[in-house]
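Peer 1: Take a look at the following structure, please.
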Amino acid sequence: FIALSYCWGLLSSTQPFLKLTTSLASDWIGNQTPLAIKDLPATYQDLITVARKLGVRYAWIDALCIIQDSPSDWTTESSKLHAIYSQAYCTIAPLLNRSVHESFLTSQLPTNSPAKIPFYTPSSPSDNNDDETSTYTLTYRTTVRPNVLNLAHHTDHASQLPPWSTRGWTFAEELLSTRILYFSPSSPTCSMPSITYTCAAHTLSSNCPSIDVAPHRLVFRLLAGGKMDLRREWRKLVRRYSWRHLTYARDKFPALGGLARAVNEVLRDEYVAGLWKGDLVRGLLWWVLEPRKCLGEEGWRAPSWSWAGVEGRIGYRS
């Protein structure tokens, strides 16, 4: 099977998308109601197209494989995410998609349609001429960053990151995947996407031959690093994760839970509110770089000594 790592986008009543619910699960399984591909959001339709081209029969999509209105099913299935992404044949990552309604197999960039803004220049009191009226034309910038994938792994360029690289859930999904196909537009005038493939041994791209993203993925470090190195790597991962955004603050631990389970298969340590008991002293040396907001409205999430108790970017004292 192939797995999808993507942005849901803002949930809207005017533009809903299909999600698995308890009633839908009953219809699909009990009544064997067929699911029409044309009724799926554009991102899902593109995923099915890619799966067929790759000769893969099954696809895993969280919104359709986890019963969204069942807390028990959500808890059970979300705990398996580390196994799902690490064992998938390939993970598909649409870098620039902001919502599930956008296609990643066609160009996502706006067309170059200029906007004309009228303005006038008042004449001076000593000038006998009337006020001058004219227009100013704004055109869409058509430059596409060739290193958009490189930027996805450098938090110094946070304002330039593609949407996919700003989300909390996609952080772990990428780090756990053994193979990833990244999709992004190649140019504003070309309908074909730029595709980058990366695995443990190779990184191949249609227009970015110099990128190297494989070392960023945890699954390869787990095969090579010792326990102390892995604890140090965990602190680096937490720092990078703190830059990411979550729609719901309560997802802070669940979105990182897959990584914690994968790491603990090697460490065999006790996971304590985002820290490791065997590295507790170093793990407590975090500090807030840029607080975003107070969690008072959403209630308690973690102890005050845990980095997960704050909402914002953190760093570690050396």
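Residues in the structure tokens are named by chain (A, B, ... in the order shown) and by number from 1 within that chain; ligands are numbered from 1 in the order shown.
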Determine, counting only C-alpha atoms, which protein, DNA and RNA residues have an atom within 7 Å of an atom of Arg167 (chain A); residues of the same chain fewer than 5 positions away are not included. Present the result as an MDAnalysis selection string.
Peer 2: chainID A and resid 244:246
Peer 1: Please dump the current selection as a short mmCIF file (atom, residue, chain, number, x, y, z; two decimals), in the first residue's frame; keep all heavy atoms.
Peer 2:
```
data_model
loop_
_atom_site.label_atom_id
_atom_site.label_comp_id
_atom_site.auth_asym_id
_atom_site.auth_seq_id
_atom_site.Cartn_x
_atom_site.Cartn_y
_atom_site.Cartn_z
N ARG A 244 6.33 23.59 14.13
CA ARG A 244 5.17 23.18 13.34
C ARG A 244 3.86 23.64 13.97
O ARG A 244 3.77 23.91 15.16
CB ARG A 244 5.16 21.65 13.19
CG ARG A 244 6.40 21.07 12.51
CD ARG A 244 6.44 21.44 11.05
NE ARG A 244 7.53 20.79 10.34
CZ ARG A 244 7.35 19.83 9.41
NH1 ARG A 244 6.14 19.41 9.11
NH2 ARG A 244 8.40 19.31 8.79
N HIS A 245 2.81 23.67 13.13
CA HIS A 245 1.50 24.13 13.57
C HIS A 245 0.51 22.97 13.61
O HIS A 245 0.54 22.08 12.76
CB HIS A 245 0.97 25.22 12.62
CG HIS A 245 1.83 26.45 12.59
ND1 HIS A 245 1.69 27.48 13.49
CD2 HIS A 245 2.85 26.80 11.76
CE1 HIS A 245 2.58 28.43 13.21
NE2 HIS A 245 3.30 28.04 12.18
N LEU A 246 -0.39 23.02 14.58
CA LEU A 246 -1.45 22.04 14.71
C LEU A 246 -2.78 22.77 14.78
O LEU A 246 -2.90 23.81 15.44
CB LEU A 246 -1.27 21.19 15.97
CG LEU A 246 -0.07 20.25 15.99
CD1 LEU A 246 0.23 19.81 17.42
CD2 LEU A 246 -0.34 19.02 15.11
#
```
Peer 1: Skip region 73-83 of chain A itself and residues of its chain fewer than 5 positions away, then list as a list in words all residues within 8 Å of it, counting only C-alpha atoms.
Peer 2: Ile66, Ile67, Gln68, Glu173, Leu176, Pro254, Gly257, Gly258, Leu259, Arg261 and Ala262 of chain A
Peer 1: Got a sec: who's within 9 Å of Ala59 (chain A), counting only C-alpha atoms, leaving out chain neighbours fewer than 4 positions off, as a ChimeraX atom specification?
Peer 2: /A:1-4,47-48,51
Peer 1: Name all residues at most 9 Å from Thr43 (chain A) (count only C-alpha atoms; drop same-chain ones fewer than 4 positions away) and give them as a ChimeraX atom specification.
Peer 2: /A:6,47-48,94,97,99-105
Peer 1: Identify, on the basis of only C-alpha atoms, every residue whose closest approach to Val272 (chain A) does not exceed 12 Å; exclude the query and any residue fewer than 4 positions from it along the same chain; express the result as a PyMOL selection string.
Peer 2: chain A and resi 253+257+260+264+276-280+283-284+302-303+305-308
Peer 1: Pick out the residues sitting within 12 Å of Pro16 (chain A), and hand them over as number ranges by chain; count only C-alpha atoms, and ignore anything fewer than 4 positions along from it in its own chain.
Peer 2: A: 8-12, 39-41, 99-101
Peer 1: Using only C-alpha atoms, determine which residues lie at most 10 Å from Arg240 (chain A), disregarding the query and same-chain residues fewer than 2 positions distant; provide the list as a list of chain:residue names.
Peer 2: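 Those residues are A:His153, A:His154, A:Thr155, A:Gly168, A:Phe171, A:Trp234, A:Arg235, A:Lys236, A:Leu237, A:Val238, A:Ser242, A:Trp243, A:Arg244, A:Arg313, A:Ile314, A:Gly315.
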Peer 1: If you keep all heavy atoms, can you produce a file of those selected residues as a tab-separated table (two decimals), in the first residue's frame?
Peer 2:
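Below is the file that was written, part36.tsv:
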```tsv
chain	number	residue	atom	x	y	z
A	153	HIS	N	13.33	21.66	5.11
A	153	HIS	CA	14.06	21.05	6.23
A	153	HIS	C	14.94	22.05	6.97
A	153	HIS	O	15.78	21.67	7.75
A	153	HIS	CB	14.90	19.89	5.73
A	153	HIS	CG	14.09	18.85	5.03
A	153	HIS	ND1	13.33	17.92	5.70
A	153	HIS	CD2	13.86	18.64	3.71
A	153	HIS	CE1	12.69	17.16	4.83
A	153	HIS	NE2	13.01	17.56	3.63
A	154	HIS	N	14.73	23.35	6.71
A	154	HIS	CA	15.53	24.37	7.38
A	154	HIS	C	14.61	25.38	8.04
A	154	HIS	O	13.98	26.18	7.37
A	154	HIS	CB	16.47	25.06	6.38
A	154	HIS	CG	17.51	24.14	5.81
A	154	HIS	ND1	18.66	23.80	6.51
A	154	HIS	CD2	17.57	23.46	4.65
A	154	HIS	CE1	19.39	22.97	5.77
A	154	HIS	NE2	18.74	22.74	4.65
A	155	THR	N	14.53	25.34	9.37
A	155	THR	CA	13.61	26.20	10.07
A	155	THR	C	14.04	27.66	10.04
A	155	THR	O	13.27	28.53	10.41
A	155	THR	CB	13.49	25.75	11.54
A	155	THR	OG1	14.80	25.57	12.09
A	155	THR	CG2	12.75	24.44	11.63
A	168	GLY	N	2.14	19.93	11.87
A	168	GLY	CA	2.67	19.05	12.89
A	168	GLY	C	2.58	17.58	12.55
A	168	GLY	O	3.52	16.81	12.79
A	171	PHE	N	5.20	16.13	10.05
A	171	PHE	CA	6.57	16.04	10.57
A	171	PHE	C	6.95	14.58	10.82
A	171	PHE	O	7.96	14.08	10.32
A	171	PHE	CB	6.68	16.86	11.85
A	171	PHE	CG	8.04	16.85	12.48
A	171	PHE	CD1	9.07	17.61	11.96
A	171	PHE	CD2	8.30	16.08	13.60
A	171	PHE	CE1	10.33	17.61	12.54
A	171	PHE	CE2	9.55	16.06	14.19
A	171	PHE	CZ	10.57	16.84	13.66
A	234	TRP	N	16.75	13.16	19.49
A	234	TRP	CA	15.37	13.42	19.92
A	234	TRP	C	15.19	14.89	20.30
A	234	TRP	O	14.19	15.52	19.94
A	234	TRP	CB	15.01	12.52	21.09
A	234	TRP	CG	13.63	12.80	21.62
A	234	TRP	CD1	13.31	13.53	22.72
A	234	TRP	CD2	12.39	12.36	21.05
A	234	TRP	NE1	11.95	13.58	22.88
A	234	TRP	CE2	11.36	12.88	21.87
A	234	TRP	CE3	12.06	11.60	19.94
A	234	TRP	CZ2	10.01	12.64	21.60
A	234	TRP	CZ3	10.72	11.35	19.67
A	234	TRP	CH2	9.71	11.88	20.50
A	235	ARG	N	16.16	15.45	21.00
A	235	ARG	CA	16.06	16.86	21.38
A	235	ARG	C	16.07	17.75	20.15
A	235	ARG	O	15.37	18.76	20.08
A	235	ARG	CB	17.20	17.24	22.33
A	235	ARG	CG	17.14	16.50	23.67
A	235	ARG	CD	18.07	17.15	24.70
A	235	ARG	NE	19.48	17.05	24.32
A	235	ARG	CZ	20.26	16.00	24.59
A	235	ARG	NH1	19.76	14.96	25.24
A	235	ARG	NH2	21.53	16.00	24.24
A	236	LYS	N	16.85	17.38	19.14
A	236	LYS	CA	16.85	18.14	17.89
A	236	LYS	C	15.50	18.05	17.19
A	236	LYS	O	14.99	19.03	16.64
A	236	LYS	CB	17.96	17.62	16.96
A	236	LYS	CG	19.36	17.89	17.44
A	236	LYS	CD	20.39	17.32	16.45
A	236	LYS	CE	21.81	17.56	16.92
A	236	LYS	NZ	22.80	16.98	15.97
A	237	LEU	N	14.91	16.84	17.21
A	237	LEU	CA	13.60	16.65	16.58
A	237	LEU	C	12.53	17.45	17.30
A	237	LEU	O	11.66	18.06	16.66
A	237	LEU	CB	13.23	15.16	16.58
A	237	LEU	CG	14.07	14.25	15.69
A	237	LEU	CD1	13.62	12.80	15.88
A	237	LEU	CD2	13.95	14.64	14.23
A	238	VAL	N	12.58	17.47	18.62
A	238	VAL	CA	11.60	18.23	19.39
A	238	VAL	C	11.71	19.72	19.06
A	238	VAL	O	10.69	20.42	18.92
A	238	VAL	CB	11.81	17.99	20.90
A	238	VAL	CG1	11.07	19.04	21.73
A	238	VAL	CG2	11.32	16.60	21.28
A	242	SER	N	8.65	21.84	17.32
A	242	SER	CA	8.02	22.99	17.97
A	242	SER	C	7.72	24.12	17.00
A	242	SER	O	6.94	25.03	17.32
A	242	SER	CB	8.90	23.49	19.12
A	242	SER	OG	10.07	24.14	18.63
A	243	TRP	N	8.35	24.11	15.82
A	243	TRP	CA	8.08	25.12	14.80
A	243	TRP	C	6.78	24.82	14.04
A	243	TRP	O	6.26	25.69	13.35
A	243	TRP	CB	9.23	25.18	13.80
A	243	TRP	CG	10.50	25.73	14.33
A	243	TRP	CD1	11.29	25.20	15.32
A	243	TRP	CD2	11.17	26.91	13.91
A	243	TRP	NE1	12.39	25.98	15.52
A	243	TRP	CE2	12.35	27.04	14.67
A	243	TRP	CE3	10.89	27.88	12.95
A	243	TRP	CZ2	13.24	28.09	14.51
A	243	TRP	CZ3	11.78	28.93	12.78
A	243	TRP	CH2	12.95	29.03	13.55
A	244	ARG	N	6.33	23.59	14.13
A	244	ARG	CA	5.17	23.18	13.34
A	244	ARG	C	3.86	23.64	13.97
A	244	ARG	O	3.77	23.91	15.16
A	244	ARG	CB	5.16	21.65	13.19
A	244	ARG	CG	6.40	21.07	12.51
A	244	ARG	CD	6.44	21.44	11.05
A	244	ARG	NE	7.53	20.79	10.34
A	244	ARG	CZ	7.35	19.83	9.41
A	244	ARG	NH1	6.14	19.41	9.11
A	244	ARG	NH2	8.40	19.31	8.79
A	313	ARG	N	7.91	28.06	19.64
A	313	ARG	CA	9.22	27.51	19.32
A	313	ARG	C	10.08	27.41	20.56
A	313	ARG	O	10.09	28.30	21.41
A	313	ARG	CB	9.91	28.42	18.30
A	313	ARG	CG	9.23	28.47	16.95
A	313	ARG	CD	9.69	29.68	16.14
A	313	ARG	NE	11.13	29.87	16.24
A	313	ARG	CZ	11.74	31.01	15.88
A	313	ARG	NH1	11.04	32.02	15.41
A	313	ARG	NH2	13.04	31.11	15.97
A	314	ILE	N	10.82	26.31	20.66
A	314	ILE	CA	11.71	26.12	21.80
A	314	ILE	C	13.13	25.85	21.31
A	314	ILE	O	13.36	25.51	20.14
A	314	ILE	CB	11.25	24.96	22.71
A	314	ILE	CG1	11.45	23.61	21.99
A	314	ILE	CG2	9.83	25.14	23.16
A	314	ILE	CD1	11.48	22.43	22.92
A	315	GLY	N	14.08	26.00	22.21
A	315	GLY	CA	15.47	25.64	21.96
A	315	GLY	C	16.00	24.90	23.17
A	315	GLY	O	15.31	24.77	24.19
```
Peer 1: Just how far from CA of Leu96 (chain A) is CA of Asp62 (chain A), in Å to one decimal?
Peer 2: 18.9 Å
Peer 1: Would you please extract all helix (DSSP H, G or I) residues from region 2-66 of chain A, as assigned by DSSP on the backbone, and give them as a PyMOL selection string?
Peer 2: chain A and resi 22-30+37-39+42-54+62-65
Peer 1: Would you put the residues from that selection into a file with N, CA, C and O atoms, as an mmCIF file, in the first residue's frame?
Peer 2:
```cif
data_model
loop_
_atom_site.group_PDB
_atom_site.id
_atom_site.type_symbol
_atom_site.label_atom_id
_atom_site.label_comp_id
_atom_site.auth_asym_id
_atom_site.auth_seq_id
_atom_site.Cartn_x
_atom_site.Cartn_y
_atom_site.Cartn_z
ATOM 1 N N THR A 22 -18.954 6.782 11.620
ATOM 2 C CA THR A 22 -19.558 5.517 12.051
ATOM 3 C C THR A 22 -20.671 5.094 11.111
ATOM 4 O O THR A 22 -20.779 3.922 10.732
ATOM 5 N N SER A 23 -21.502 6.050 10.688
ATOM 6 C CA SER A 23 -22.608 5.721 9.781
ATOM 7 C C SER A 23 -22.106 5.326 8.403
ATOM 8 O O SER A 23 -22.618 4.383 7.783
ATOM 9 N N LEU A 24 -21.069 6.028 7.914
ATOM 10 C CA LEU A 24 -20.521 5.674 6.601
ATOM 11 C C LEU A 24 -19.860 4.304 6.635
ATOM 12 O O LEU A 24 -19.972 3.530 5.682
ATOM 13 N N ALA A 25 -19.186 3.992 7.728
ATOM 14 C CA ALA A 25 -18.547 2.676 7.863
ATOM 15 C C ALA A 25 -19.592 1.576 7.815
ATOM 16 O O ALA A 25 -19.378 0.512 7.210
ATOM 17 N N SER A 26 -20.739 1.822 8.424
ATOM 18 C CA SER A 26 -21.828 0.842 8.395
ATOM 19 C C SER A 26 -22.359 0.653 6.984
ATOM 20 O O SER A 26 -22.640 -0.468 6.546
ATOM 21 N N ASP A 27 -22.495 1.746 6.238
ATOM 22 C CA ASP A 27 -22.984 1.660 4.854
ATOM 23 C C ASP A 27 -21.990 0.928 3.967
ATOM 24 O O ASP A 27 -22.364 0.068 3.167
ATOM 25 N N TRP A 28 -20.705 1.285 4.094
ATOM 26 C CA TRP A 28 -19.704 0.692 3.215
ATOM 27 C C TRP A 28 -19.496 -0.795 3.494
ATOM 28 O O TRP A 28 -19.363 -1.592 2.568
ATOM 29 N N ILE A 29 -19.478 -1.154 4.779
ATOM 30 C CA ILE A 29 -19.195 -2.543 5.138
ATOM 31 C C ILE A 29 -20.466 -3.384 5.140
ATOM 32 O O ILE A 29 -20.529 -4.456 4.535
ATOM 33 N N GLY A 30 -21.501 -2.884 5.815
ATOM 34 C CA GLY A 30 -22.734 -3.661 5.939
ATOM 35 C C GLY A 30 -23.536 -3.740 4.652
ATOM 36 O O GLY A 30 -23.938 -4.822 4.217
ATOM 37 N N ILE A 37 -15.121 7.289 -7.141
ATOM 38 C CA ILE A 37 -13.882 8.059 -7.104
ATOM 39 C C ILE A 37 -14.149 9.526 -7.427
ATOM 40 O O ILE A 37 -13.529 10.425 -6.854
ATOM 41 N N LYS A 38 -15.109 9.785 -8.303
ATOM 42 C CA LYS A 38 -15.403 11.167 -8.702
ATOM 43 C C LYS A 38 -15.934 11.998 -7.529
ATOM 44 O O LYS A 38 -15.909 13.240 -7.581
ATOM 45 N N ASP A 39 -16.429 11.335 -6.485
ATOM 46 C CA ASP A 39 -16.947 12.060 -5.321
ATOM 47 C C ASP A 39 -15.850 12.384 -4.309
ATOM 48 O O ASP A 39 -16.111 13.068 -3.311
ATOM 49 N N ALA A 42 -9.948 16.252 -4.680
ATOM 50 C CA ALA A 42 -8.939 16.194 -5.737
ATOM 51 C C ALA A 42 -7.656 15.500 -5.287
ATOM 52 O O ALA A 42 -7.055 14.725 -6.049
ATOM 53 N N THR A 43 -7.207 15.750 -4.064
ATOM 54 C CA THR A 43 -5.973 15.127 -3.574
ATOM 55 C C THR A 43 -6.102 13.614 -3.524
ATOM 56 O O THR A 43 -5.172 12.880 -3.898
ATOM 57 N N TYR A 44 -7.252 13.106 -3.091
ATOM 58 C CA TYR A 44 -7.468 11.663 -3.022
ATOM 59 C C TYR A 44 -7.516 11.047 -4.410
ATOM 60 O O TYR A 44 -6.985 9.952 -4.639
ATOM 61 N N GLN A 45 -8.162 11.743 -5.342
ATOM 62 C CA GLN A 45 -8.235 11.237 -6.713
ATOM 63 C C GLN A 45 -6.840 11.135 -7.315
ATOM 64 O O GLN A 45 -6.511 10.155 -7.999
ATOM 65 N N ASP A 46 -6.004 12.136 -7.053
ATOM 66 C CA ASP A 46 -4.630 12.103 -7.558
ATOM 67 C C ASP A 46 -3.844 10.947 -6.936
ATOM 68 O O ASP A 46 -3.043 10.296 -7.606
ATOM 69 N N LEU A 47 -4.069 10.696 -5.652
ATOM 70 C CA LEU A 47 -3.377 9.592 -4.983
ATOM 71 C C LEU A 47 -3.734 8.261 -5.638
ATOM 72 O O LEU A 47 -2.860 7.411 -5.848
ATOM 73 N N ILE A 48 -4.996 8.077 -5.966
ATOM 74 C CA ILE A 48 -5.429 6.842 -6.621
ATOM 75 C C ILE A 48 -4.764 6.706 -7.992
ATOM 76 O O ILE A 48 -4.327 5.614 -8.385
ATOM 77 N N THR A 49 -4.654 7.813 -8.706
ATOM 78 C CA THR A 49 -3.980 7.798 -10.005
ATOM 79 C C THR A 49 -2.522 7.365 -9.857
ATOM 80 O O THR A 49 -2.024 6.524 -10.616
ATOM 81 N N VAL A 50 -1.828 7.920 -8.861
ATOM 82 C CA VAL A 50 -0.426 7.566 -8.634
ATOM 83 C C VAL A 50 -0.300 6.091 -8.245
ATOM 84 O O VAL A 50 0.583 5.377 -8.728
ATOM 85 N N ALA A 51 -1.195 5.620 -7.385
ATOM 86 C CA ALA A 51 -1.148 4.220 -6.952
ATOM 87 C C ALA A 51 -1.304 3.283 -8.145
ATOM 88 O O ALA A 51 -0.599 2.267 -8.258
ATOM 89 N N ARG A 52 -2.220 3.601 -9.030
ATOM 90 C CA ARG A 52 -2.430 2.760 -10.214
ATOM 91 C C ARG A 52 -1.226 2.791 -11.132
ATOM 92 O O ARG A 52 -0.831 1.755 -11.696
ATOM 93 N N LYS A 53 -0.608 3.956 -11.286
ATOM 94 C CA LYS A 53 0.586 4.057 -12.132
ATOM 95 C C LYS A 53 1.752 3.254 -11.544
ATOM 96 O O LYS A 53 2.574 2.708 -12.278
ATOM 97 N N LEU A 54 1.803 3.180 -10.219
ATOM 98 C CA LEU A 54 2.866 2.428 -9.561
ATOM 99 C C LEU A 54 2.550 0.945 -9.450
ATOM 100 O O LEU A 54 3.399 0.158 -9.029
ATOM 101 N N ASP A 62 -5.708 8.819 6.048
ATOM 102 C CA ASP A 62 -6.181 8.861 7.435
ATOM 103 C C ASP A 62 -7.672 9.165 7.546
ATOM 104 O O ASP A 62 -8.395 8.537 8.326
ATOM 105 N N ALA A 63 -8.166 10.106 6.752
ATOM 106 C CA ALA A 63 -9.568 10.510 6.855
ATOM 107 C C ALA A 63 -10.527 9.406 6.439
ATOM 108 O O ALA A 63 -11.703 9.421 6.829
ATOM 109 N N LEU A 64 -10.038 8.436 5.649
ATOM 110 C CA LEU A 64 -10.904 7.354 5.179
ATOM 111 C C LEU A 64 -10.592 6.021 5.858
ATOM 112 O O LEU A 64 -11.351 5.060 5.688
ATOM 113 N N CYS A 65 -9.507 5.959 6.613
ATOM 114 C CA CYS A 65 -9.113 4.703 7.265
ATOM 115 C C CYS A 65 -9.254 4.761 8.783
ATOM 116 O O CYS A 65 -9.079 3.738 9.450
#
```
Peer 1: Rounded to one decimal in Å, what is the spacing between CA of Thr106 (chain A) and CA of Thr166 (chain A)?
Peer 2: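 CA of Thr166 (chain A) lies at a distance of 21.9 Å from CA of Thr106 (chain A).
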Peer 1: Can you measure CA of Ala255 (chain A) to CA of Thr170 (chain A) for me? One decimal in Å is fine.
Peer 2: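 CA of Ala255 (chain A) sits 8.3 Å away from CA of Thr170 (chain A).
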